[in-house]
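K.L.:
So here's upload.cif, just mmCIF, C-alpha atoms and all ligand atoms:
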```cif
data_entry
#
loop_
_atom_site.group_PDB
_atom_site.id
_atom_site.type_symbol
_atom_site.label_atom_id
_atom_site.label_comp_id
_atom_site.auth_asym_id
_atom_site.auth_seq_id
_atom_site.Cartn_x
_atom_site.Cartn_y
_atom_site.Cartn_z
ATOM 1 C CA MET A 277 -76.728 38.673 12.781
ATOM 2 C CA ASP A 278 -78.807 38.466 9.587
ATOM 3 C CA TYR A 279 -77.100 40.011 6.591
ATOM 4 C CA SER A 280 -78.913 42.241 4.109
ATOM 5 C CA THR A 281 -76.001 44.008 2.377
ATOM 6 C CA ILE A 282 -73.572 41.108 2.059
ATOM 7 C CA ILE A 283 -73.936 37.466 1.091
ATOM 8 C CA TYR A 284 -71.954 35.136 3.381
ATOM 9 C CA GLU A 285 -71.341 31.731 1.855
ATOM 10 C CA LYS A 286 -69.480 29.052 3.784
ATOM 11 C CA ARG A 287 -67.889 26.725 1.255
ATOM 12 C CA GLU A 288 -65.651 23.691 1.814
ATOM 13 C CA GLY A 289 -62.696 25.169 3.750
ATOM 14 C CA PHE A 290 -63.283 28.839 2.917
ATOM 15 C CA VAL A 291 -65.772 31.694 3.097
ATOM 16 C CA LEU A 292 -66.994 33.684 0.106
ATOM 17 C CA ILE A 293 -68.385 37.146 0.875
ATOM 18 C CA LYS A 294 -70.252 39.042 -1.824
ATOM 19 C CA LEU A 295 -70.850 42.747 -1.275
ATOM 20 C CA ASN A 296 -74.500 42.881 -2.163
ATOM 21 C CA ARG A 297 -75.951 46.241 -3.168
ATOM 22 C CA PRO A 298 -75.558 45.785 -6.917
ATOM 23 C CA ASP A 299 -78.093 48.506 -7.812
ATOM 24 C CA LYS A 300 -75.802 50.964 -5.953
ATOM 25 C CA LEU A 301 -72.630 49.382 -7.349
ATOM 26 C CA ASN A 302 -72.096 47.792 -3.904
ATOM 27 C CA ALA A 303 -71.423 51.170 -2.261
ATOM 28 C CA LEU A 304 -70.298 50.652 1.331
ATOM 29 C CA ASN A 305 -72.812 52.021 3.825
ATOM 30 C CA THR A 306 -72.842 51.739 7.619
ATOM 31 C CA GLN A 307 -74.999 48.642 7.509
ATOM 32 C CA MET A 308 -72.523 46.945 5.179
ATOM 33 C CA PHE A 309 -69.606 47.871 7.418
ATOM 34 C CA ASN A 310 -71.445 46.454 10.431
ATOM 35 C CA GLU A 311 -72.158 43.260 8.552
ATOM 36 C CA LEU A 312 -68.552 42.971 7.323
ATOM 37 C CA ASP A 313 -67.363 43.466 10.901
ATOM 38 C CA ASP A 314 -69.694 40.728 12.136
ATOM 39 C CA ALA A 315 -68.613 38.430 9.301
ATOM 40 C CA ALA A 316 -64.919 38.978 10.086
ATOM 41 C CA ARG A 317 -65.523 38.128 13.759
ATOM 42 C CA ARG A 318 -67.450 35.036 12.710
ATOM 43 C CA ILE A 319 -64.568 33.922 10.498
ATOM 44 C CA GLU A 320 -62.081 34.524 13.329
ATOM 45 C CA LEU A 321 -64.074 32.126 15.495
ATOM 46 C CA ASP A 322 -64.514 29.460 12.812
ATOM 47 C CA GLU A 323 -61.460 27.194 12.709
ATOM 48 C CA SER A 324 -62.743 25.531 9.558
ATOM 49 C CA ALA A 325 -62.703 28.847 7.644
ATOM 50 C CA ARG A 326 -59.192 28.745 6.229
ATOM 51 C CA ALA A 327 -59.427 31.457 3.589
ATOM 52 C CA LEU A 328 -61.704 34.349 2.700
ATOM 53 C CA ILE A 329 -62.646 35.606 -0.739
ATOM 54 C CA ILE A 330 -64.354 38.981 -1.113
ATOM 55 C CA THR A 331 -66.067 39.975 -4.344
ATOM 56 C CA GLY A 332 -68.972 42.110 -5.504
ATOM 57 C CA ALA A 333 -72.456 40.936 -6.422
ATOM 58 C CA GLY A 334 -73.653 41.815 -9.915
ATOM 59 C CA ASP A 335 -71.641 42.317 -13.039
ATOM 60 C CA LYS A 336 -70.340 45.857 -12.696
ATOM 61 C CA ALA A 337 -68.659 46.509 -9.391
ATOM 62 C CA PHE A 338 -66.556 45.202 -6.553
ATOM 63 C CA ALA A 339 -67.553 48.381 -4.679
ATOM 64 C CA ALA A 340 -67.835 51.934 -6.033
ATOM 65 C CA GLY A 341 -66.829 53.476 -2.711
ATOM 66 C CA ALA A 342 -68.433 54.688 0.452
ATOM 67 C CA ASP A 343 -72.135 55.426 0.061
ATOM 68 C CA ILE A 344 -72.078 59.046 -1.085
ATOM 69 C CA ARG A 345 -75.721 59.624 -0.070
ATOM 70 C CA GLU A 346 -74.889 58.597 3.516
ATOM 71 C CA LEU A 347 -71.557 60.423 3.451
ATOM 72 C CA HIS A 348 -73.243 63.655 2.363
ATOM 73 C CA GLU A 349 -74.753 63.987 5.873
ATOM 74 C CA SER A 350 -71.296 64.057 7.525
ATOM 75 C CA HIS A 351 -69.689 67.020 9.230
ATOM 76 C CA ALA A 352 -66.209 67.340 10.737
ATOM 77 C CA ARG A 353 -66.827 65.304 13.889
ATOM 78 C CA SER A 354 -69.065 62.645 12.404
ATOM 79 C CA GLY A 355 -66.758 62.379 9.381
ATOM 80 C CA LYS A 356 -63.894 61.414 11.674
ATOM 81 C CA LEU A 357 -66.040 58.727 13.309
ATOM 82 C CA PHE A 358 -67.213 57.532 9.881
ATOM 83 C CA SER A 359 -63.585 57.117 8.809
ATOM 84 C CA GLU A 360 -62.541 55.447 12.073
ATOM 85 C CA HIS A 361 -65.405 52.955 11.941
ATOM 86 C CA GLY A 362 -64.663 51.901 8.359
ATOM 87 C CA SER A 363 -60.924 51.801 9.043
ATOM 88 C CA LYS A 364 -61.400 49.501 12.018
ATOM 89 C CA VAL A 365 -63.531 47.085 10.021
ATOM 90 C CA MET A 366 -60.978 47.051 7.222
ATOM 91 C CA ALA A 367 -58.139 46.467 9.693
ATOM 92 C CA ARG A 368 -60.077 43.556 11.216
ATOM 93 C CA ILE A 369 -60.367 41.985 7.767
ATOM 94 C CA GLU A 370 -56.701 42.670 6.987
ATOM 95 C CA GLN A 371 -55.571 41.197 10.307
ATOM 96 C CA LEU A 372 -57.333 37.854 9.800
ATOM 97 C CA SER A 373 -54.625 35.222 10.014
ATOM 98 C CA ILE A 374 -55.933 33.362 6.993
ATOM 99 C CA PRO A 375 -55.421 34.382 3.350
ATOM 100 C CA VAL A 376 -57.885 37.092 2.302
ATOM 101 C CA VAL A 377 -58.283 37.381 -1.451
ATOM 102 C CA ALA A 378 -60.163 40.060 -3.381
ATOM 103 C CA ALA A 379 -61.796 39.117 -6.682
ATOM 104 C CA ILE A 380 -62.200 42.591 -8.203
ATOM 105 C CA ASN A 381 -65.064 42.161 -10.624
ATOM 106 C CA GLY A 382 -65.479 45.737 -11.854
ATOM 107 C CA PHE A 383 -65.289 49.172 -10.216
ATOM 108 C CA ALA A 384 -63.163 49.274 -7.056
ATOM 109 C CA LEU A 385 -63.234 52.963 -6.256
ATOM 110 C CA GLY A 386 -62.658 54.929 -3.072
ATOM 111 C CA GLY A 387 -63.626 52.664 -0.167
ATOM 112 C CA GLY A 388 -63.916 49.795 -2.664
ATOM 113 C CA CYS A 389 -60.278 50.224 -3.662
ATOM 114 C CA GLU A 390 -59.381 50.550 0.034
ATOM 115 C CA LEU A 391 -61.249 47.337 0.873
ATOM 116 C CA ALA A 392 -59.403 45.580 -1.959
ATOM 117 C CA MET A 393 -56.115 46.899 -0.582
ATOM 118 C CA CYS A 394 -56.919 45.378 2.834
ATOM 119 C CA CYS A 395 -57.055 42.012 1.153
ATOM 120 C CA HIS A 396 -53.775 40.115 1.108
ATOM 121 C CA ILE A 397 -53.995 39.186 -2.571
ATOM 122 C CA ARG A 398 -55.957 40.881 -5.368
ATOM 123 C CA PHE A 399 -57.108 39.282 -8.589
ATOM 124 C CA ALA A 400 -58.742 41.606 -11.101
ATOM 125 C CA SER A 401 -61.200 41.041 -13.901
ATOM 126 C CA ALA A 402 -60.030 42.442 -17.225
ATOM 127 C CA LYS A 403 -62.928 44.904 -16.787
ATOM 128 C CA ALA A 404 -61.788 46.147 -13.358
ATOM 129 C CA LYS A 405 -61.359 49.864 -12.811
ATOM 130 C CA MET A 406 -59.605 51.060 -9.678
ATOM 131 C CA GLY A 407 -59.001 54.457 -8.169
ATOM 132 C CA GLN A 408 -59.352 56.873 -5.287
ATOM 133 C CA PRO A 409 -61.699 59.564 -6.644
ATOM 134 C CA GLU A 410 -62.441 61.211 -3.274
ATOM 135 C CA VAL A 411 -60.909 64.598 -4.204
ATOM 136 C CA ASN A 412 -63.704 64.915 -6.781
ATOM 137 C CA LEU A 413 -66.063 65.046 -3.777
ATOM 138 C CA GLY A 414 -63.912 67.443 -1.750
ATOM 139 C CA ILE A 415 -62.649 64.776 0.651
ATOM 140 C CA ILE A 416 -59.677 62.432 0.905
ATOM 141 C CA PRO A 417 -59.577 58.631 1.208
ATOM 142 C CA GLY A 418 -60.737 57.754 4.726
ATOM 143 C CA TYR A 419 -60.262 53.999 5.037
ATOM 144 C CA GLY A 420 -56.486 53.801 4.772
ATOM 145 C CA GLY A 421 -56.108 54.669 1.085
ATOM 146 C CA THR A 422 -53.363 57.243 1.622
ATOM 147 C CA GLN A 423 -51.405 54.731 3.685
ATOM 148 C CA ARG A 424 -51.927 51.400 1.949
ATOM 149 C CA LEU A 425 -51.695 52.737 -1.614
ATOM 150 C CA THR A 426 -48.422 54.452 -0.715
ATOM 151 C CA ARG A 427 -47.026 51.203 0.675
ATOM 152 C CA LEU A 428 -48.265 49.158 -2.266
ATOM 153 C CA ALA A 429 -47.502 51.413 -5.205
ATOM 154 C CA GLY A 430 -44.995 53.933 -3.833
ATOM 155 C CA ARG A 431 -45.379 57.597 -2.932
ATOM 156 C CA ALA A 432 -45.353 59.096 -6.434
ATOM 157 C CA LYS A 433 -48.017 56.721 -7.784
ATOM 158 C CA ALA A 434 -50.176 57.213 -4.668
ATOM 159 C CA MET A 435 -49.847 60.988 -5.117
ATOM 160 C CA GLU A 436 -50.774 60.716 -8.802
ATOM 161 C CA LEU A 437 -53.862 58.565 -8.219
ATOM 162 C CA ILE A 438 -55.163 60.250 -5.083
ATOM 163 C CA LEU A 439 -54.549 63.838 -6.252
ATOM 164 C CA SER A 440 -55.968 63.296 -9.751
ATOM 165 C CA GLY A 441 -58.803 60.953 -8.767
ATOM 166 C CA ASN A 442 -58.079 59.146 -12.035
ATOM 167 C CA MET A 443 -59.310 55.592 -12.565
ATOM 168 C CA ILE A 444 -56.858 52.989 -13.796
ATOM 169 C CA ASP A 445 -57.608 49.786 -15.683
ATOM 170 C CA ALA A 446 -56.619 46.262 -14.686
ATOM 171 C CA GLU A 447 -53.364 46.315 -16.682
ATOM 172 C CA GLU A 448 -52.179 49.471 -14.946
ATOM 173 C CA ALA A 449 -53.315 48.101 -11.571
ATOM 174 C CA LYS A 450 -51.190 45.022 -12.158
ATOM 175 C CA ARG A 451 -48.221 47.073 -13.301
ATOM 176 C CA ILE A 452 -48.197 49.179 -10.116
ATOM 177 C CA GLY A 453 -48.727 46.248 -7.750
ATOM 178 C CA LEU A 454 -52.419 46.798 -7.039
ATOM 179 C CA ALA A 455 -53.448 43.558 -8.743
ATOM 180 C CA ASN A 456 -51.567 40.260 -8.529
ATOM 181 C CA ALA A 457 -53.054 38.882 -11.736
ATOM 182 C CA ILE A 458 -55.771 39.589 -14.293
ATOM 183 C CA PHE A 459 -58.361 37.049 -15.398
ATOM 184 C CA SER A 460 -61.153 37.277 -17.923
ATOM 185 C CA HIS A 461 -64.284 38.746 -16.393
ATOM 186 C CA GLU A 462 -66.145 35.450 -16.724
ATOM 187 C CA GLU A 463 -63.365 33.350 -15.178
ATOM 188 C CA LEU A 464 -62.390 35.662 -12.319
ATOM 189 C CA LEU A 465 -64.232 33.953 -9.472
ATOM 190 C CA ASP A 466 -63.435 30.402 -10.610
ATOM 191 C CA LYS A 467 -59.750 31.251 -10.960
ATOM 192 C CA THR A 468 -59.762 32.903 -7.530
ATOM 193 C CA ILE A 469 -61.385 29.845 -5.957
ATOM 194 C CA GLU A 470 -58.881 27.597 -7.763
ATOM 195 C CA PHE A 471 -56.018 29.603 -6.232
ATOM 196 C CA VAL A 472 -57.559 29.455 -2.749
ATOM 197 C CA LYS A 473 -58.054 25.695 -3.036
ATOM 198 C CA LEU A 474 -54.359 25.337 -3.799
ATOM 199 C CA ILE A 475 -53.576 27.019 -0.474
ATOM 200 C CA LEU A 476 -56.075 24.786 1.355
ATOM 201 C CA PHE A 477 -53.784 21.805 0.628
ATOM 202 C CA LYS A 478 -50.864 23.421 2.477
ATOM 203 C CA GLY A 479 -50.178 23.179 6.199
ATOM 204 C CA PRO A 480 -52.866 25.470 7.677
ATOM 205 C CA LEU A 481 -50.808 26.508 10.713
ATOM 206 C CA ALA A 482 -47.875 27.348 8.450
ATOM 207 C CA VAL A 483 -50.138 29.374 6.146
ATOM 208 C CA SER A 484 -51.462 31.374 9.115
ATOM 209 C CA ALA A 485 -47.984 31.915 10.543
ATOM 210 C CA ALA A 486 -46.781 33.159 7.143
ATOM 211 C CA VAL A 487 -49.735 35.571 6.870
ATOM 212 C CA GLU A 488 -49.000 36.933 10.358
ATOM 213 C CA CYS A 489 -45.295 37.405 9.592
ATOM 214 C CA ILE A 490 -45.941 39.149 6.274
ATOM 215 C CA LEU A 491 -48.503 41.476 7.881
ATOM 216 C CA ALA A 492 -46.059 42.208 10.718
ATOM 217 C CA ALA A 493 -43.542 43.512 8.167
ATOM 218 C CA ASP A 494 -45.656 46.701 7.948
ATOM 219 C CA GLU A 495 -45.484 47.291 11.698
ATOM 220 C CA LEU A 496 -42.069 46.096 12.878
ATOM 221 C CA SER A 497 -38.508 47.249 12.354
ATOM 222 C CA PRO A 498 -36.401 44.861 10.215
ATOM 223 C CA ALA A 499 -34.728 43.390 13.320
ATOM 224 C CA GLU A 500 -38.042 42.977 15.152
ATOM 225 C CA GLY A 501 -39.560 41.444 12.024
ATOM 226 C CA LEU A 502 -36.775 38.867 11.751
ATOM 227 C CA ALA A 503 -37.114 38.014 15.450
ATOM 228 C CA PHE A 504 -40.891 37.648 15.028
ATOM 229 C CA GLU A 505 -40.350 35.378 12.036
ATOM 230 C CA SER A 506 -37.880 33.186 13.977
ATOM 231 C CA ARG A 507 -40.405 32.799 16.811
ATOM 232 C CA LYS A 508 -43.138 31.836 14.351
ATOM 233 C CA PHE A 509 -40.755 29.481 12.529
ATOM 234 C CA GLY A 510 -39.977 27.794 15.840
ATOM 235 C CA GLN A 511 -43.687 27.456 16.570
ATOM 236 C CA THR A 512 -44.311 25.771 13.224
ATOM 237 C CA CYS A 513 -41.404 23.366 13.924
ATOM 238 C CA GLY A 514 -43.256 22.308 17.061
ATOM 239 C CA THR A 515 -46.421 21.240 15.209
ATOM 240 C CA GLU A 516 -47.617 17.764 14.252
ATOM 241 C CA ASP A 517 -48.154 19.163 10.760
ATOM 242 C CA PHE A 518 -44.430 19.867 10.463
ATOM 243 C CA LYS A 519 -43.606 16.248 11.370
ATOM 244 C CA GLU A 520 -46.234 15.030 8.903
ATOM 245 C CA GLY A 521 -45.105 17.399 6.115
ATOM 246 C CA THR A 522 -41.441 16.432 6.365
ATOM 247 C CA LEU A 523 -42.214 12.706 6.789
ATOM 248 C CA ALA A 524 -44.531 12.793 3.774
ATOM 249 C CA PHE A 525 -41.700 14.304 1.733
ATOM 250 C CA LEU A 526 -39.283 11.588 2.858
ATOM 251 C CA GLU A 527 -41.860 8.865 2.171
ATOM 252 C CA LYS A 528 -42.669 10.396 -1.243
ATOM 253 C CA ARG A 529 -46.381 10.830 -0.533
ATOM 254 C CA LYS A 530 -48.840 13.718 -0.097
ATOM 255 C CA ALA A 531 -48.969 15.232 3.374
ATOM 256 C CA ASP A 532 -52.174 14.849 5.362
ATOM 257 C CA PHE A 533 -52.233 18.018 7.461
ATOM 258 C CA LYS A 534 -54.478 18.180 10.529
ATOM 259 C CA ALA A 535 -53.909 21.803 11.621
ATOM 260 C CA LYS A 536 -52.268 20.542 14.825
HETATM 261 N N1 LIG Z 1 -72.403 55.859 -3.291
HETATM 262 C C1 LIG Z 1 -73.751 55.800 -3.451
HETATM 263 N N2 LIG Z 1 -74.319 55.418 -4.598
HETATM 264 C C2 LIG Z 1 -73.514 55.101 -5.624
HETATM 265 C C3 LIG Z 1 -72.109 55.138 -5.527
HETATM 266 C C4 LIG Z 1 -71.565 55.537 -4.286
HETATM 267 N N3 LIG Z 1 -70.240 55.586 -4.078
HETATM 268 N N4 LIG Z 1 -71.573 54.779 -6.716
HETATM 269 C C5 LIG Z 1 -72.614 54.503 -7.524
HETATM 270 N N5 LIG Z 1 -73.766 54.692 -6.866
HETATM 271 C C6 LIG Z 1 -75.143 54.508 -7.379
HETATM 272 C C7 LIG Z 1 -75.547 55.622 -8.323
HETATM 273 O O1 LIG Z 1 -76.000 56.748 -7.589
HETATM 274 C C8 LIG Z 1 -76.636 54.941 -9.094
HETATM 275 O O2 LIG Z 1 -77.805 54.888 -8.296
HETATM 276 P P1 LIG Z 1 -79.247 55.323 -8.923
HETATM 277 O O3 LIG Z 1 -79.458 54.321 -10.022
HETATM 278 O O4 LIG Z 1 -80.173 55.179 -7.766
HETATM 279 O O5 LIG Z 1 -79.061 56.706 -9.423
HETATM 280 C C9 LIG Z 1 -76.128 53.509 -9.228
HETATM 281 O O6 LIG Z 1 -75.180 53.330 -8.187
HETATM 282 C C10 LIG Z 1 -75.428 53.221 -10.535
HETATM 283 O O7 LIG Z 1 -74.386 54.167 -10.702
HETATM 284 P P2 LIG Z 1 -74.209 55.072 -12.016
HETATM 285 O O8 LIG Z 1 -73.417 56.280 -11.639
HETATM 286 O O9 LIG Z 1 -75.511 55.299 -12.689
HETATM 287 O O10 LIG Z 1 -73.331 54.075 -12.927
HETATM 288 P P3 LIG Z 1 -72.335 54.483 -14.084
HETATM 289 O O11 LIG Z 1 -71.963 53.205 -14.751
HETATM 290 O O12 LIG Z 1 -72.885 55.580 -14.928
HETATM 291 O O13 LIG Z 1 -71.029 55.082 -13.346
HETATM 292 C C11 LIG Z 1 -69.293 55.100 -11.665
HETATM 293 C C12 LIG Z 1 -70.241 54.259 -12.545
HETATM 294 C C13 LIG Z 1 -68.570 54.154 -10.732
HETATM 295 C C14 LIG Z 1 -68.262 55.809 -12.562
HETATM 296 C C15 LIG Z 1 -70.111 56.158 -10.883
HETATM 297 O O14 LIG Z 1 -71.203 55.501 -10.240
HETATM 298 C C16 LIG Z 1 -69.316 56.858 -9.827
HETATM 299 O O15 LIG Z 1 -68.510 57.722 -10.128
HETATM 300 N N6 LIG Z 1 -69.532 56.513 -8.530
HETATM 301 C C17 LIG Z 1 -68.944 57.180 -7.412
HETATM 302 C C18 LIG Z 1 -67.501 56.756 -7.243
HETATM 303 C C19 LIG Z 1 -66.874 57.506 -6.090
HETATM 304 O O16 LIG Z 1 -66.714 58.712 -6.122
HETATM 305 N N7 LIG Z 1 -66.475 56.768 -5.031
HETATM 306 C C20 LIG Z 1 -65.864 57.325 -3.883
HETATM 307 C C21 LIG Z 1 -66.869 57.569 -2.830
HETATM 308 S S1 LIG Z 1 -66.120 58.263 -1.360
#
```
As a first step, turn the structure in this file into structure tokens.
P.N.:
Amino acid sequence: MDYSTIIYEKREGFVLIKLNRPDKLNALNTQMFNELDDAARRIELDESARALIITGAGDKAFAAGADIRELHESHARSGKLFSEHGSKVMARIEQLSIPVVAAINGFALGGGCELAMCCHIRFASAKAKMGQPEVNLGIIPGYGGTQRLTRLAGRAKAMELILSGNMIDAEEAKRIGLANAIFSHEELLDKTIEFVKLILFKGPLAVSAAVECILAADELSPAEGLAFESRKFGQTCGTEDFKEGTLAFLEKRKADFKAK
């Protein structure tokens, strides 16, 4: 598939996706969702893609939400489908068993905030502004915002943000758990790439197993989660990488992981 609303860059060991409608503040339209879905499938199939970074093209926005012009045409039935389609794409991105990192380079509103929340880790530019302003339009978040924001920031904060539609700055986002760290606007992408490169030196099968276990914590009961973790732990103990990692420690050298 050729992409017209995203830029897909395969770099050494990771993929960088830029949401690319800067004149519309990277608003998420159907075409962009289709392209993100295709990109996520492509990453799933590419064993050499060991992390994903998502950011926005241009200087102002990660994504300022679903495309309001497109959304305006919705009615009750099509609105449900619109929400389900976007939700599925976001879940596909969230369920990738590699680290997915958002570099929030400006507005992350509505669907943009929801896309950021699908990412496993969020780094924000000091200029980032986040929020769920859907009530201003007479709708509610439709791509998981009511669910993921509640899990991330707690019920009262989710109520406050979603009911008021207020935007918060990067400092507040960090304080409530929406951003892991804040970097200067200019350094955001470089710092994000630096972080991802750090992970690329770790055992790739262990990284994936850890991602899967952490994601499972949202779905499983505590006992099921612990059992799932023990199974995954056992699997990692059966890998060549585990032998290499422990031997490298004992031999006081750097491990040379092969993802086997
Ligand atoms: N959908 C479609 N187009 C959007 C958009 C969206 N969610 N957000 C911004 N745009 C477009 C604007 O219509 C404008 O296009 P135009 O130049 O053709 O008129 C362009 O992006 C620039 O936006 P503009 O509003 O002029 O920038 P600003 O700096 O004055 O304001 C925002 C920035 C983010 C505060 C403002 O664009 C905004 O409130 N956007 C909508 C946010 C929202 O409600 N998201 C939830 C959607 S469900």
K.L.:
What residues of the protein or nucleic acid chains come within 9 Å of ligand LIG 1 (chain Z) when you use all atoms listed in the file? Reply as a ChimeraX atom specification.
P.N.:
/A:297-305,336-337,339-347,383-388,405,407-413,415-418,441,443
K.L.:
Going by the chain IDs and residue numbers used in this file, which residues fall under the PyMOL selection byres (((chain A and resi 512) around 10) and not hetatm)? Write them as a PDB file with C-alpha atoms, in the frame of the given file.
P.N.:
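Result saved to result17.pdb:
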```pdb
ATOM      1  CA  GLY A 479     -50.178  23.179   6.199  1.00  0.00           C
ATOM      2  CA  LEU A 481     -50.808  26.508  10.713  1.00  0.00           C
ATOM      3  CA  ALA A 482     -47.875  27.348   8.450  1.00  0.00           C
ATOM      4  CA  VAL A 483     -50.138  29.374   6.146  1.00  0.00           C
ATOM      5  CA  SER A 484     -51.462  31.374   9.115  1.00  0.00           C
ATOM      6  CA  ALA A 485     -47.984  31.915  10.543  1.00  0.00           C
ATOM      7  CA  ALA A 486     -46.781  33.159   7.143  1.00  0.00           C
ATOM      8  CA  SER A 506     -37.880  33.186  13.977  1.00  0.00           C
ATOM      9  CA  ARG A 507     -40.405  32.799  16.811  1.00  0.00           C
ATOM     10  CA  LYS A 508     -43.138  31.836  14.351  1.00  0.00           C
ATOM     11  CA  PHE A 509     -40.755  29.481  12.529  1.00  0.00           C
ATOM     12  CA  GLY A 510     -39.977  27.794  15.840  1.00  0.00           C
ATOM     13  CA  GLN A 511     -43.687  27.456  16.570  1.00  0.00           C
ATOM     14  CA  CYS A 513     -41.404  23.366  13.924  1.00  0.00           C
ATOM     15  CA  GLY A 514     -43.256  22.308  17.061  1.00  0.00           C
ATOM     16  CA  THR A 515     -46.421  21.240  15.209  1.00  0.00           C
ATOM     17  CA  GLU A 516     -47.617  17.764  14.252  1.00  0.00           C
ATOM     18  CA  ASP A 517     -48.154  19.163  10.760  1.00  0.00           C
ATOM     19  CA  PHE A 518     -44.430  19.867  10.463  1.00  0.00           C
ATOM     20  CA  LYS A 519     -43.606  16.248  11.370  1.00  0.00           C
ATOM     21  CA  LYS A 536     -52.268  20.542  14.825  1.00  0.00           C
TER      22      LYS A 536
END
```
K.L.:
Which of these, A:Thr306, A:Glu462, A:Lys478, A:Lys534, has the shortest distance to A:Phe358 once you count only C-alpha atoms?
P.N.:
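Among A:Thr306, A:Glu462, A:Lys478, A:Lys534, it is A:Thr306 that comes nearest to A:Phe358.
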K.L.:
Name the residues that the PyMOL selection byres (((chain A and resi 393-397) around 10) and not hetatm) pulls out of this structure, and write them as a PyMOL selection string.
P.N.:
chain A and resi 328-330+363+365-372+374-379+384+387-392+398-399+419-421+424-425+428+454-457+468+487+490-491
K.L.:
Output C-alpha atoms for every residue in the selection just made, as a PDB file, keeping the file's coordinate frame.
P.N.:
```pdb
ATOM      1  CA  LEU A 328     -61.704  34.349   2.700  1.00  0.00           C
ATOM      2  CA  ILE A 329     -62.646  35.606  -0.739  1.00  0.00           C
ATOM      3  CA  ILE A 330     -64.354  38.981  -1.113  1.00  0.00           C
ATOM      4  CA  SER A 363     -60.924  51.801   9.043  1.00  0.00           C
ATOM      5  CA  VAL A 365     -63.531  47.085  10.021  1.00  0.00           C
ATOM      6  CA  MET A 366     -60.978  47.051   7.222  1.00  0.00           C
ATOM      7  CA  ALA A 367     -58.139  46.467   9.693  1.00  0.00           C
ATOM      8  CA  ARG A 368     -60.077  43.556  11.216  1.00  0.00           C
ATOM      9  CA  ILE A 369     -60.367  41.985   7.767  1.00  0.00           C
ATOM     10  CA  GLU A 370     -56.701  42.670   6.987  1.00  0.00           C
ATOM     11  CA  GLN A 371     -55.571  41.197  10.307  1.00  0.00           C
ATOM     12  CA  LEU A 372     -57.333  37.854   9.800  1.00  0.00           C
ATOM     13  CA  ILE A 374     -55.933  33.362   6.993  1.00  0.00           C
ATOM     14  CA  PRO A 375     -55.421  34.382   3.350  1.00  0.00           C
ATOM     15  CA  VAL A 376     -57.885  37.092   2.302  1.00  0.00           C
ATOM     16  CA  VAL A 377     -58.283  37.381  -1.451  1.00  0.00           C
ATOM     17  CA  ALA A 378     -60.163  40.060  -3.381  1.00  0.00           C
ATOM     18  CA  ALA A 379     -61.796  39.117  -6.682  1.00  0.00           C
ATOM     19  CA  ALA A 384     -63.163  49.274  -7.056  1.00  0.00           C
ATOM     20  CA  GLY A 387     -63.626  52.664  -0.167  1.00  0.00           C
ATOM     21  CA  GLY A 388     -63.916  49.795  -2.664  1.00  0.00           C
ATOM     22  CA  CYS A 389     -60.278  50.224  -3.662  1.00  0.00           C
ATOM     23  CA  GLU A 390     -59.381  50.550   0.034  1.00  0.00           C
ATOM     24  CA  LEU A 391     -61.249  47.337   0.873  1.00  0.00           C
ATOM     25  CA  ALA A 392     -59.403  45.580  -1.959  1.00  0.00           C
ATOM     26  CA  ARG A 398     -55.957  40.881  -5.368  1.00  0.00           C
ATOM     27  CA  PHE A 399     -57.108  39.282  -8.589  1.00  0.00           C
ATOM     28  CA  TYR A 419     -60.262  53.999   5.037  1.00  0.00           C
ATOM     29  CA  GLY A 420     -56.486  53.801   4.772  1.00  0.00           C
ATOM     30  CA  GLY A 421     -56.108  54.669   1.085  1.00  0.00           C
ATOM     31  CA  ARG A 424     -51.927  51.400   1.949  1.00  0.00           C
ATOM     32  CA  LEU A 425     -51.695  52.737  -1.614  1.00  0.00           C
ATOM     33  CA  LEU A 428     -48.265  49.158  -2.266  1.00  0.00           C
ATOM     34  CA  LEU A 454     -52.419  46.798  -7.039  1.00  0.00           C
ATOM     35  CA  ALA A 455     -53.448  43.558  -8.743  1.00  0.00           C
ATOM     36  CA  ASN A 456     -51.567  40.260  -8.529  1.00  0.00           C
ATOM     37  CA  ALA A 457     -53.054  38.882 -11.736  1.00  0.00           C
ATOM     38  CA  THR A 468     -59.762  32.903  -7.530  1.00  0.00           C
ATOM     39  CA  VAL A 487     -49.735  35.571   6.870  1.00  0.00           C
ATOM     40  CA  ILE A 490     -45.941  39.149   6.274  1.00  0.00           C
ATOM     41  CA  LEU A 491     -48.503  41.476   7.881  1.00  0.00           C
TER      42      LEU A 491
END
```
K.L.:
Mind checking which residues fall within 9 Å of A:Phe477, counting only C-alpha atoms, ignoring those fewer than 2 positions away in the same chain, and posting them as an MDAnalysis selection string?
P.N.:
chainID A and resid 473:475 479:480 531:533
K.L.:
Emit the selected residues as a PDB file, keeping the file's coordinate frame, including C-alpha atoms.
P.N.:
```
ATOM      1  CA  LYS A 473     -58.054  25.695  -3.036  1.00  0.00           C
ATOM      2  CA  LEU A 474     -54.359  25.337  -3.799  1.00  0.00           C
ATOM      3  CA  ILE A 475     -53.576  27.019  -0.474  1.00  0.00           C
ATOM      4  CA  GLY A 479     -50.178  23.179   6.199  1.00  0.00           C
ATOM      5  CA  PRO A 480     -52.866  25.470   7.677  1.00  0.00           C
ATOM      6  CA  ALA A 531     -48.969  15.232   3.374  1.00  0.00           C
ATOM      7  CA  ASP A 532     -52.174  14.849   5.362  1.00  0.00           C
ATOM      8  CA  PHE A 533     -52.233  18.018   7.461  1.00  0.00           C
TER       9      PHE A 533
END
```
K.L.:
What separation in Å, quoted to one decimal, exists between atom CA of A:Ser401 and atom CA of A:Ala492?
P.N.:
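Separating atom CA of A:Ser401 from atom CA of A:Ala492 is a distance of 28.9 Å.
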K.L.:
Can you report as lines of an AutoDock Vina configuration file the centre and edge lengths in Å, to one decimal, of an axis-aligned box around the listed atoms of stretch 380-384 of chain A padded with 4 Å on each side?
P.N.:
```
center_x = -63.8
center_y = 45.7
center_z = -9.5
size_x = 11.3
size_y = 15.1
size_z = 12.8
```
